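*Asks:* You'll find entry-v1.tsv just under this line, and it carries TSV, C-alpha atoms and all ligand atoms.
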chain	number	residue	atom	x	y	z
A	164	MET	CA	0.00	0.00	0.00
A	165	SER	CA	1.18	3.51	-0.63
A	166	LYS	CA	0.90	6.42	1.72
A	167	ILE	CA	-1.71	8.89	0.52
A	168	LEU	CA	-1.72	11.30	3.45
A	169	SER	CA	0.51	12.04	6.35
A	170	ALA	CA	0.80	14.63	9.03
A	171	ARG	CA	4.00	15.41	10.87
A	172	LYS	CA	4.09	17.23	14.19
A	173	LEU	CA	1.00	19.36	13.67
A	174	PHE	CA	0.52	22.15	16.18
A	175	LYS	CA	-2.52	24.42	16.33
A	176	THR	CA	-3.42	26.99	18.97
A	177	TYR	CA	-6.46	29.27	18.85
A	178	ARG	CA	-6.16	32.73	20.36
A	179	LEU	CA	-9.28	34.46	21.59
A	180	GLY	CA	-8.30	37.78	23.13
A	181	ALA	CA	-5.90	36.91	25.90
A	182	ALA	CA	-6.93	33.26	26.00
A	183	ARG	CA	-4.92	30.61	24.21
A	184	ILE	CA	-6.39	27.22	23.48
A	185	GLU	CA	-3.69	24.73	22.57
A	186	VAL	CA	-5.62	22.18	20.55
A	187	LEU	CA	-3.07	20.14	18.61
A	188	LYS	CA	0.35	19.58	20.20
A	189	GLY	CA	2.30	17.52	17.73
A	190	VAL	CA	-0.07	15.23	15.85
A	191	ASP	CA	1.56	12.55	13.70
A	192	LEU	CA	-0.61	10.46	11.42
A	193	ALA	CA	-0.13	8.39	8.28
A	194	VAL	CA	-2.92	7.04	6.11
A	195	GLU	CA	-2.39	4.37	3.46
A	196	ALA	CA	-4.36	4.41	0.22
A	197	GLY	CA	-7.48	2.27	0.61
A	198	GLN	CA	-7.70	2.55	4.39
A	199	PHE	CA	-10.77	3.50	6.39
A	200	VAL	CA	-9.37	5.31	9.42
A	201	ALA	CA	-11.45	6.57	12.33
A	202	VAL	CA	-10.08	9.31	14.56
A	203	VAL	CA	-11.87	9.30	17.88
A	204	GLY	CA	-11.68	11.81	20.65
A	205	ALA	CA	-13.87	13.58	23.16
A	206	SER	CA	-15.87	16.61	22.16
A	207	GLY	CA	-13.47	19.57	22.02
A	208	SER	CA	-10.39	17.37	21.63
A	209	GLY	CA	-9.54	18.91	18.25
A	210	LYS	CA	-10.96	16.41	15.77
A	211	SER	CA	-12.51	19.02	13.48
A	212	THR	CA	-9.39	21.15	13.75
A	213	LEU	CA	-7.27	18.19	12.65
A	214	LEU	CA	-9.57	17.30	9.76
A	215	HIS	CA	-9.49	20.90	8.52
A	216	LEU	CA	-5.70	20.84	8.52
A	217	LEU	CA	-5.64	17.50	6.68
A	218	GLY	CA	-7.95	18.91	3.99
A	219	ALA	CA	-6.08	22.24	3.78
A	220	LEU	CA	-9.13	24.21	4.88
A	221	ASP	CA	-6.86	25.71	7.55
A	222	ARG	CA	-3.13	25.82	8.20
A	223	PRO	CA	-1.18	24.51	11.15
A	224	ASP	CA	0.95	26.87	13.26
A	225	SER	CA	3.76	24.44	12.63
A	226	GLY	CA	4.21	20.96	11.26
A	227	GLN	CA	3.30	19.67	7.85
A	228	VAL	CA	0.66	17.79	5.92
A	229	PHE	CA	1.85	15.66	3.00
A	230	PHE	CA	-0.49	14.53	0.24
A	231	GLU	CA	0.89	11.74	-1.95
A	232	GLY	CA	4.29	12.58	-0.54
A	233	ARG	CA	4.21	16.30	-1.32
A	234	PRO	CA	3.97	19.01	1.34
A	235	VAL	CA	0.65	20.85	1.05
A	236	GLU	CA	2.38	23.90	2.49
A	237	GLY	CA	4.41	24.21	-0.71
A	238	PHE	CA	1.40	24.22	-3.03
A	239	SER	CA	0.80	27.32	-5.16
A	240	ALA	CA	-2.61	28.99	-4.82
A	241	ALA	CA	-3.80	27.28	-8.01
A	242	ARG	CA	-2.51	23.88	-6.87
A	243	LEU	CA	-4.18	24.39	-3.49
A	244	ASN	CA	-7.52	25.12	-5.15
A	245	ARG	CA	-7.17	21.99	-7.22
A	246	PHE	CA	-6.28	19.98	-4.12
A	247	ARG	CA	-9.38	21.18	-2.26
A	248	ASN	CA	-11.64	20.66	-5.25
A	249	ARG	CA	-10.32	17.40	-6.70
A	250	SER	CA	-8.10	15.60	-4.23
A	251	VAL	CA	-10.28	15.67	-1.12
A	252	GLY	CA	-14.01	15.41	-0.57
A	253	PHE	CA	-15.54	16.70	2.66
A	254	VAL	CA	-18.61	15.43	4.49
A	255	PHE	CA	-19.81	17.43	7.49
A	256	GLN	CA	-22.12	16.70	10.39
A	257	PHE	CA	-24.72	19.23	9.24
A	258	TYR	CA	-24.58	18.40	5.49
A	259	HIS	CA	-24.09	22.01	4.28
A	260	LEU	CA	-26.31	21.54	1.24
A	261	LEU	CA	-27.68	24.52	-0.68
A	262	ASP	CA	-31.41	24.73	-0.02
A	263	GLU	CA	-32.30	26.47	-3.30
A	264	LEU	CA	-30.72	23.70	-5.37
A	265	THR	CA	-32.11	20.25	-6.09
A	266	VAL	CA	-30.38	17.05	-5.04
A	267	LEU	CA	-28.91	16.67	-8.53
A	268	GLU	CA	-27.73	20.29	-8.66
A	269	ASN	CA	-26.16	20.11	-5.21
A	270	THR	CA	-24.22	17.06	-6.32
A	271	LEU	CA	-22.99	18.86	-9.44
A	272	VAL	CA	-21.61	21.93	-7.62
A	273	PRO	CA	-18.01	20.63	-7.27
A	274	ALA	CA	-17.95	19.68	-10.96
A	275	MET	CA	-19.07	23.17	-11.95
A	276	ALA	CA	-16.46	24.70	-9.68
A	277	ALA	CA	-13.77	22.49	-11.20
A	278	THR	CA	-14.40	23.19	-14.85
A	279	GLY	CA	-15.32	26.86	-15.30
A	280	VAL	CA	-18.09	27.94	-17.65
A	281	VAL	CA	-16.75	26.72	-20.98
A	282	GLY	CA	-15.56	23.41	-19.61
A	283	TRP	CA	-18.87	22.99	-17.87
A	284	LEU	CA	-20.89	23.48	-21.04
A	285	ARG	CA	-18.72	20.89	-22.74
A	286	SER	CA	-18.81	18.30	-19.97
A	287	ARG	CA	-22.29	18.87	-18.54
A	288	GLY	CA	-23.81	15.72	-20.04
A	289	ALA	CA	-21.14	13.39	-18.76
A	290	GLN	CA	-21.04	15.10	-15.36
A	291	THR	CA	-24.80	14.85	-14.98
A	292	ALA	CA	-24.64	11.15	-15.83
A	293	ARG	CA	-21.96	10.70	-13.18
A	294	ALA	CA	-23.98	12.59	-10.56
A	295	ARG	CA	-27.05	10.49	-11.32
A	296	ALA	CA	-25.04	7.29	-11.04
A	297	LEU	CA	-23.55	8.36	-7.69
A	298	LEU	CA	-26.95	9.34	-6.34
A	299	GLY	CA	-28.44	6.09	-7.59
A	300	ARG	CA	-25.72	4.15	-5.88
A	301	LEU	CA	-26.49	5.96	-2.63
A	302	GLY	CA	-30.18	5.07	-2.93
A	303	LEU	CA	-31.35	8.51	-4.05
A	304	GLY	CA	-32.23	7.71	-7.66
A	305	ASP	CA	-35.82	8.78	-7.10
A	306	ARG	CA	-34.97	11.98	-5.21
A	307	LEU	CA	-33.06	13.88	-7.91
A	308	ARG	CA	-35.46	16.82	-8.09
A	309	HIS	CA	-36.10	17.11	-4.37
A	310	LYS	CA	-34.77	20.08	-2.44
A	311	PRO	CA	-32.75	19.34	0.71
A	312	TYR	CA	-35.60	20.46	3.01
A	313	GLN	CA	-37.78	17.78	1.42
A	314	LEU	CA	-35.40	15.04	2.55
A	315	SER	CA	-34.76	13.15	5.77
A	316	GLY	CA	-31.46	13.68	7.60
A	317	GLY	CA	-30.03	10.42	6.34
A	318	GLU	CA	-30.97	11.29	2.76
A	319	ARG	CA	-29.35	14.71	3.11
A	320	GLN	CA	-26.15	13.14	4.32
A	321	ARG	CA	-26.16	10.75	1.38
A	322	VAL	CA	-26.48	13.73	-0.97
A	323	ALA	CA	-23.53	15.32	0.81
A	324	ILE	CA	-21.52	12.12	0.27
A	325	ALA	CA	-22.43	12.07	-3.43
A	326	ARG	CA	-21.36	15.71	-3.71
A	327	ALA	CA	-18.08	15.00	-1.92
A	328	LEU	CA	-17.35	12.20	-4.41
A	329	MET	CA	-18.40	14.10	-7.53
A	330	ASN	CA	-14.86	14.88	-8.66
A	331	ALA	CA	-13.64	11.39	-7.68
A	332	PRO	CA	-11.27	12.61	-4.96
A	333	PRO	CA	-8.76	9.98	-3.83
A	334	LEU	CA	-9.43	10.99	-0.21
A	335	LEU	CA	-12.75	11.39	1.61
A	336	LEU	CA	-12.71	13.30	4.91
A	337	ALA	CA	-15.81	12.98	7.10
A	338	ASP	CA	-16.46	15.04	10.23
A	339	GLU	CA	-18.96	13.28	12.53
A	340	PRO	CA	-21.02	12.20	9.51
A	341	THR	CA	-23.53	10.39	11.72
A	342	GLY	CA	-23.50	12.95	14.54
A	343	ASN	CA	-26.85	14.46	13.67
A	344	LEU	CA	-28.65	11.18	12.92
A	345	ASP	CA	-30.47	8.56	14.97
A	346	SER	CA	-28.51	5.35	15.38
A	347	GLU	CA	-30.42	3.38	12.74
A	348	THR	CA	-29.95	6.08	10.11
A	349	GLY	CA	-26.35	6.57	11.18
A	350	ARG	CA	-25.76	2.87	10.60
A	351	GLY	CA	-27.02	3.30	7.04
A	352	ILE	CA	-24.52	6.10	6.45
A	353	LEU	CA	-21.71	3.96	7.84
A	354	GLU	CA	-22.73	1.09	5.57
A	355	ALA	CA	-22.59	3.47	2.61
A	356	LEU	CA	-19.09	4.58	3.63
A	357	GLU	CA	-18.01	0.95	4.11
A	358	ALA	CA	-19.28	0.05	0.65
A	359	LEU	CA	-17.33	2.93	-0.87
A	360	ASN	CA	-14.23	1.84	1.01
A	361	ARG	CA	-14.62	-1.73	-0.23
A	362	ASP	CA	-14.47	-0.27	-3.73
A	363	GLY	CA	-11.17	1.42	-2.89
A	364	GLN	CA	-12.15	4.81	-1.46
A	365	THR	CA	-9.72	6.04	1.20
A	366	ILE	CA	-11.66	7.52	4.12
A	367	VAL	CA	-10.65	9.43	7.24
A	368	MET	CA	-13.61	9.89	9.58
A	369	VAL	CA	-13.59	11.70	12.90
A	370	THR	CA	-16.15	10.88	15.55
A	371	HIS	CA	-16.65	11.03	19.31
A	372	ASP	CA	-18.58	7.76	19.17
A	373	GLU	CA	-16.47	4.67	19.90
A	374	ARG	CA	-19.12	2.29	18.56
A	375	ILE	CA	-19.09	4.04	15.22
A	376	ALA	CA	-15.32	4.09	15.11
A	377	GLY	CA	-15.31	0.32	15.63
A	378	ARG	CA	-16.54	-0.11	12.05
A	379	ALA	CA	-13.34	1.34	10.58
A	380	HIS	CA	-10.18	-0.69	9.83
A	381	ARG	CA	-8.10	1.35	12.06
A	382	VAL	CA	-8.93	3.54	15.03
A	383	VAL	CA	-6.62	6.24	16.31
A	384	ARG	CA	-7.29	8.33	19.40
A	385	LEU	CA	-6.78	12.03	19.79
A	386	VAL	CA	-6.01	12.69	23.44
A	387	ASP	CA	-4.50	15.85	24.93
A	388	GLY	CA	-3.57	17.17	21.53
A	389	VAL	CA	-1.67	14.14	20.26
A	390	ILE	CA	-2.47	10.76	18.73
A	391	ALA	CA	-2.36	8.33	21.62
A	392	ALA	CA	-0.04	5.34	21.29
A	393	THR	CA	-2.00	2.16	20.50
W	401	LIG	P1	-13.86	18.60	18.23
W	401	LIG	O1	-14.17	18.61	16.78
W	401	LIG	O2	-13.02	17.46	18.67
W	401	LIG	O3	-15.09	18.70	19.08
W	401	LIG	P2	-12.65	21.18	17.65
W	401	LIG	O4	-11.50	20.89	16.79
W	401	LIG	O5	-13.88	21.73	17.01
W	401	LIG	O6	-12.98	19.90	18.55
W	401	LIG	O7	-12.22	22.25	18.76
W	401	LIG	C1	-11.15	22.02	19.66
W	401	LIG	C2	-11.07	23.17	20.65
W	401	LIG	O8	-10.71	24.37	19.96
W	401	LIG	C3	-12.37	23.48	21.34
W	401	LIG	O9	-12.06	23.81	22.67
W	401	LIG	C4	-12.93	24.64	20.59
W	401	LIG	O10	-13.72	25.44	21.41
W	401	LIG	C5	-11.68	25.37	20.14
W	401	LIG	N1	-11.86	26.04	18.83
W	401	LIG	C6	-12.21	25.43	17.68
W	401	LIG	N2	-12.25	26.31	16.65
W	401	LIG	C7	-11.92	27.53	17.19
W	401	LIG	C8	-11.76	28.84	16.64
W	401	LIG	N3	-11.95	29.09	15.34
W	401	LIG	N4	-11.41	29.83	17.50
W	401	LIG	C9	-11.20	29.58	18.81
W	401	LIG	N5	-11.30	28.37	19.38
W	401	LIG	C10	-11.67	27.34	18.58
W	402	MG	MG	-15.91	18.63	15.73
Can the structure in the file be given as structure tokens, please?

*Replies:*
Amino acid sequence: MSKILSARKLFKTYRLGAARIEVLKGVDLAVEAGQFVAVVGASGSGKSTLLHLLGALDRPDSGQVFFEGRPVEGFSAARLNRFRNRSVGFVFQFYHLLDELTVLENTLVPAMAATGVVGWLRSRGAQTARARALLGRLGLGDRLRHKPYQLSGGERQRVAIARALMNAPPLLLADEPTGNLDSETGRGILEALEALNRDGQTIVMVTHDERIAGRAHRVVRLVDGVIAAT
């Protein structure tokens, strides 16, 4: 297996006025291609902070994130945009779907962002076919024209997963993807993630729920700002 993602000695402190919150104090992590890794930790332990650093939504104070062996820190602005749009897909606890757009349109947003207007006009047919296939695979084939507010929580999260996968990112990052769902519905989301992983999708999921984490191949614990030895 090859290493797709690694983090070396990540430090992150938030400053609010005079207060300093030291969240990450030297996190080391390596993820192999094809793995399903769960990062567990108590609420407030820095899981979302870590995931944001891994997906380059935020920068560490010090330390480095490597994607396919290259330091993200060294990426140009254009390369960084491409990384965020094509290399990683994000799934959040509260879905973050656009309420004015249909299920199909929400799923297509990353493809539109990736191509620009001319490219989009050229590739729209193929992209729409891909979005439909993804949504069908996630059990939403008969919800394409629904708006997010017309869906259940579990359905919304499945749309968010389809959207995250639209540009076929090698890495899926999920932040408490079942955190807003009842346990039965959450199980359905986990099964969807497991099925994707069986087909080769690399997944890093953070959660405070040990039972959920138990479904992943590998569980690492974030305790006191570092990954606890296992
Ligand atoms: P988790 O996802 O594990 O619940 P977070 O990474 O969201 O934890 O937050 C870790 C700690 O950092 C918490 O104490 C939180 O209040 C604080 N924190 C998170 N984001 C910010 C921010 N933007 N500014 C200040 N403090 C923050
Ligand atoms: Mg969080």

*Asks:* As a list in words, please: every protein or nucleic acid residue near ligand LIG 401 (chain W) (cut-off 7 Å, counting only C-alpha atoms and all ligand atoms).

*Replies:* Tyr177, Arg178, Leu179, Ile184, Val186, Gly204, Ala205, Ser206, Gly207, Ser208, Gly209, Lys210, Ser211, Thr212 and Leu213 of chain A

*Asks:* I'd like the interatomic distance between atom CA of Pro234 of chain A and atom CA of Gly279 of chain A, to a tenth of an Å.

*Replies:* 26.7 Å

*Asks:* Given the choices A:Leu214, A:Val389, A:Ile366, A:Ala355, which gets closest to ligand MG 402 (chain W) if the distance is worked out from all atoms listed in the file?

*Replies:* A:Leu214

*Asks:* Please work out which residues fall within 12 Å of (-7.8, 23.6, -5.7), coordinates as given in the file, with all atoms listed in the file counting, and return them as an NGL selection string.

*Replies:* :A and (218-220 or 235 or 238-252 or 273 or 276-278 or 330 or 332)

*Asks:* Could you tell me which of A:Pro223, A:Pro333, A:Gly317, A:Pro340 comes closest to ligand MG 402 (chain W) if we count all atoms listed in the file?

*Replies:*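 Closest to ligand MG 402 (chain W) of all the choices is A:Pro340.
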